[in-house]
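Chemist: Have a look at the structure that comes next, please.
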Amino acid sequence: KVGGASGNAVYYNSKKVQDMYAWRIKELNLNYDQIACGGINSIKRLEERLGNGVNGIQIFTPLIFNGTKFIRELRRYT
């Protein structure tokens with residue numbers, strides 16, 4: 001079996017979808033939580049994804065490839 005795409009392969013498309021949903025949520029004046037996901041594997045990318053109502057992130061692939069190193073970086077960032 002072949003796995004799905006993740007990490008860098010999905011970053012820009014997932015950001016576009018996130019921006020689209022953020023715009024629609026604002027347009028309809030909804031009070032929804034937004035969780036960013038897809039390709040967030042650095043503090044720089046985290047910063048790019050925050051804002052527009054995002055109040056959480058989901059990460060998976062960085063944990064597989066780097067263990068808990070990225071979690072420690074996130075803790076220092078916050």
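Ligands are numbered from 1 in the order shown, residues from 1 within each chain, and chains are lettered A, B, ... in the order they appear in the structure tokens.
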Could you name the residues that touch Arg45 of chain A at 10 Å or less, counting only C-alpha atoms, but leaving out those on the same chain fewer than 5 positions away, as a list in words?
Modeler: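 The residues that qualify are Tyr11, Lys15, Gly39, Ile40 and Leu50 of chain A.
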Chemist: So that I have them on file, write out the residues from the current selection with all heavy atoms, as a PDB file, in the first residue's frame.
Modeler:
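Final output, saved to part-v5.pdb:
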```
ATOM      1  N   TYR A  11       1.546  21.410   2.453  1.00  0.00           N
ATOM      2  CA  TYR A  11       1.561  22.683   3.178  1.00  0.00           C
ATOM      3  C   TYR A  11       0.805  23.794   2.461  1.00  0.00           C
ATOM      4  O   TYR A  11      -0.095  24.405   3.038  1.00  0.00           O
ATOM      5  CB  TYR A  11       2.994  23.140   3.474  1.00  0.00           C
ATOM      6  CG  TYR A  11       3.005  24.456   4.216  1.00  0.00           C
ATOM      7  CD1 TYR A  11       2.673  24.495   5.560  1.00  0.00           C
ATOM      8  CD2 TYR A  11       3.275  25.652   3.569  1.00  0.00           C
ATOM      9  CE1 TYR A  11       2.633  25.689   6.241  1.00  0.00           C
ATOM     10  CE2 TYR A  11       3.237  26.839   4.243  1.00  0.00           C
ATOM     11  CZ  TYR A  11       2.915  26.861   5.578  1.00  0.00           C
ATOM     12  OH  TYR A  11       2.856  28.053   6.249  1.00  0.00           O
ATOM     13  N   LYS A  15      -2.792  25.493   3.500  1.00  0.00           N
ATOM     14  CA  LYS A  15      -2.846  26.916   3.870  1.00  0.00           C
ATOM     15  C   LYS A  15      -3.909  27.632   3.056  1.00  0.00           C
ATOM     16  O   LYS A  15      -4.661  28.454   3.590  1.00  0.00           O
ATOM     17  CB  LYS A  15      -1.484  27.563   3.641  1.00  0.00           C
ATOM     18  CG  LYS A  15      -1.492  29.084   3.802  1.00  0.00           C
ATOM     19  CD  LYS A  15      -0.761  29.531   5.008  1.00  0.00           C
ATOM     20  CE  LYS A  15      -0.608  31.027   5.133  1.00  0.00           C
ATOM     21  NZ  LYS A  15      -1.830  31.794   5.144  1.00  0.00           N
ATOM     22  N   GLY A  39       1.574  20.157   7.106  1.00  0.00           N
ATOM     23  CA  GLY A  39       2.885  20.694   6.767  1.00  0.00           C
ATOM     24  C   GLY A  39       3.495  21.631   7.781  1.00  0.00           C
ATOM     25  O   GLY A  39       4.477  22.298   7.493  1.00  0.00           O
ATOM     26  N   ILE A  40       2.938  21.705   8.971  1.00  0.00           N
ATOM     27  CA  ILE A  40       3.503  22.574  10.005  1.00  0.00           C
ATOM     28  C   ILE A  40       4.651  21.816  10.661  1.00  0.00           C
ATOM     29  O   ILE A  40       4.444  20.968  11.516  1.00  0.00           O
ATOM     30  CB  ILE A  40       2.435  22.973  11.034  1.00  0.00           C
ATOM     31  CG1 ILE A  40       1.280  23.695  10.335  1.00  0.00           C
ATOM     32  CG2 ILE A  40       3.055  23.854  12.123  1.00  0.00           C
ATOM     33  CD1 ILE A  40       0.076  23.929  11.220  1.00  0.00           C
ATOM     34  N   LEU A  50      -0.670  30.862  11.981  1.00  0.00           N
ATOM     35  CA  LEU A  50      -1.426  31.494  13.053  1.00  0.00           C
ATOM     36  C   LEU A  50      -2.110  32.750  12.537  1.00  0.00           C
ATOM     37  O   LEU A  50      -1.708  33.335  11.557  1.00  0.00           O
ATOM     38  CB  LEU A  50      -0.501  31.833  14.223  1.00  0.00           C
ATOM     39  CG  LEU A  50       0.097  30.639  14.956  1.00  0.00           C
ATOM     40  CD1 LEU A  50       1.055  31.108  16.033  1.00  0.00           C
ATOM     41  CD2 LEU A  50      -0.978  29.747  15.536  1.00  0.00           C
TER      42      LEU A  50
END
```
Chemist: Among chain A, which ones does DSSP assign to alpha helix (DSSP H) (computed from the backbone)? Answer as JSON, numbers by chain.
Modeler: {"A": [11, 12, 13, 14, 15, 16, 17, 18, 19, 20, 21, 22, 23, 24, 25, 26, 27, 43, 44, 45, 46, 47, 48, 49, 61, 62, 63, 64, 65, 66, 69, 70, 71, 72, 73, 74, 75, 76, 77]}
Chemist: Generate a file of the selected residues that holds C-alpha atoms, formatted as a JSON list (two decimals), in the first residue's frame.
Modeler:
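This is the output file again24.json:
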```
[["chain", "number", "residue", "atom", "x", "y", "z"],
["A", 11, "TYR", "CA", 1.56, 22.68, 3.18],
["A", 12, "TYR", "CA", 0.58, 25.26, 0.57],
["A", 13, "ASN", "CA", -2.72, 23.63, -0.38],
["A", 14, "SER", "CA", -3.73, 23.24, 3.26],
["A", 15, "LYS", "CA", -2.85, 26.92, 3.87],
["A", 16, "LYS", "CA", -5.05, 27.94, 0.94],
["A", 17, "VAL", "CA", -7.95, 25.91, 2.34],
["A", 18, "GLN", "CA", -7.39, 27.37, 5.81],
["A", 19, "ASP", "CA", -7.47, 30.91, 4.39],
["A", 20, "MET", "CA", -10.65, 30.13, 2.42],
["A", 21, "TYR", "CA", -12.42, 28.85, 5.53],
["A", 22, "ALA", "CA", -11.21, 31.79, 7.63],
["A", 23, "TRP", "CA", -12.58, 34.20, 5.05],
["A", 24, "ARG", "CA", -15.96, 32.42, 4.95],
["A", 25, "ILE", "CA", -16.21, 32.25, 8.74],
["A", 26, "LYS", "CA", -15.59, 36.01, 8.96],
["A", 27, "GLU", "CA", -18.02, 36.70, 6.13],
["A", 43, "ILE", "CA", 8.28, 27.67, 13.90],
["A", 44, "LYS", "CA", 8.32, 29.73, 10.69],
["A", 45, "ARG", "CA", 5.47, 27.69, 9.25],
["A", 46, "LEU", "CA", 3.62, 27.85, 12.54],
["A", 47, "GLU", "CA", 3.84, 31.64, 12.45],
["A", 48, "GLU", "CA", 2.54, 31.64, 8.86],
["A", 49, "ARG", "CA", -0.47, 29.58, 9.90],
["A", 61, "THR", "CA", 4.63, 13.97, 10.59],
["A", 62, "PRO", "CA", 7.26, 15.99, 12.52],
["A", 63, "LEU", "CA", 6.71, 13.68, 15.48],
["A", 64, "ILE", "CA", 7.40, 10.62, 13.35],
["A", 65, "PHE", "CA", 10.59, 11.97, 11.80],
["A", 66, "ASN", "CA", 11.97, 14.03, 14.70],
["A", 69, "LYS", "CA", 12.17, 17.71, 19.30],
["A", 70, "PHE", "CA", 9.51, 19.85, 17.58],
["A", 71, "ILE", "CA", 7.33, 19.75, 20.71],
["A", 72, "ARG", "CA", 10.21, 21.24, 22.69],
["A", 73, "GLU", "CA", 10.64, 23.96, 20.04],
["A", 74, "LEU", "CA", 6.92, 24.76, 20.28],
["A", 75, "ARG", "CA", 7.13, 25.03, 24.05],
["A", 76, "ARG", "CA", 9.99, 27.53, 23.76],
["A", 77, "TYR", "CA", 8.00, 29.50, 21.20]]
```
Chemist: To one decimal place, how far is atom CA of Ile35 of chain A from atom CA of Gly4 of chain A in Å?
Modeler: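 Taking atom CA of Ile35 of chain A as the start and atom CA of Gly4 of chain A as the end point, the length is 20.2 Å.
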Chemist: Report, in Å with one decimal, the straight-line distance from atom CA of Thr68 of chain A to atom CA of Val10 of chain A.
Modeler: 21.4 Å
Chemist: Enter the distance from atom CA of Asn41 of chain A to atom CA of Ala9 of chain A, in Å, rounded to one decimal.
Modeler: 11.7 Å
Chemist: Using only C-alpha atoms, which protein or nucleic acid residues come within 7 Å of segment 29-34 of chain A? Drop anything in the same chain fewer than 4 positions from it, and give the result as a list in words.
Modeler: Ile25, Gly53, Val54, Asn55 and Gly56 of chain A
Chemist: Can I get the selection written as a short mmCIF file (atom, residue, chain, number, x, y, z; two decimals), in the first residue's frame, with all heavy atoms?
Modeler:
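part-v1.cif written:
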```cif
data_model
loop_
_atom_site.label_atom_id
_atom_site.label_comp_id
_atom_site.auth_asym_id
_atom_site.auth_seq_id
_atom_site.Cartn_x
_atom_site.Cartn_y
_atom_site.Cartn_z
N ILE A 25 -15.76 32.13 7.35
CA ILE A 25 -16.21 32.25 8.74
C ILE A 25 -16.40 33.72 9.12
O ILE A 25 -17.38 34.09 9.75
CB ILE A 25 -15.22 31.54 9.69
CG1 ILE A 25 -15.35 30.02 9.52
CG2 ILE A 25 -15.43 31.95 11.13
CD1 ILE A 25 -14.23 29.22 10.16
N GLY A 53 -8.08 33.71 13.05
CA GLY A 53 -8.96 32.94 13.92
C GLY A 53 -8.45 31.58 14.34
O GLY A 53 -9.13 30.84 15.03
N VAL A 54 -7.24 31.22 13.93
CA VAL A 54 -6.68 29.92 14.30
C VAL A 54 -6.33 29.94 15.79
O VAL A 54 -5.65 30.84 16.27
CB VAL A 54 -5.43 29.58 13.46
CG1 VAL A 54 -4.70 28.38 14.02
CG2 VAL A 54 -5.82 29.35 12.03
N ASN A 55 -6.80 28.95 16.51
CA ASN A 55 -6.49 28.89 17.93
C ASN A 55 -5.96 27.52 18.34
O ASN A 55 -5.94 27.17 19.50
CB ASN A 55 -7.70 29.26 18.78
CG ASN A 55 -8.92 28.46 18.44
OD1 ASN A 55 -8.86 27.54 17.63
ND2 ASN A 55 -10.04 28.80 19.03
N GLY A 56 -5.49 26.74 17.37
CA GLY A 56 -4.88 25.46 17.65
C GLY A 56 -4.17 24.92 16.42
O GLY A 56 -4.40 25.40 15.31
#
```
Chemist: Would you mind writing down, as a list in words, each residue of chain A that DSSP on the backbone assigns to strand (DSSP E or B)?
Modeler: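 Here are the strand (DSSP E or B) residues of chain A: Gln34, Ile35, Ala36, Cys37, Gly51, Val54, Asn55, Gly56, Ile57 and Gln58 of chain A.
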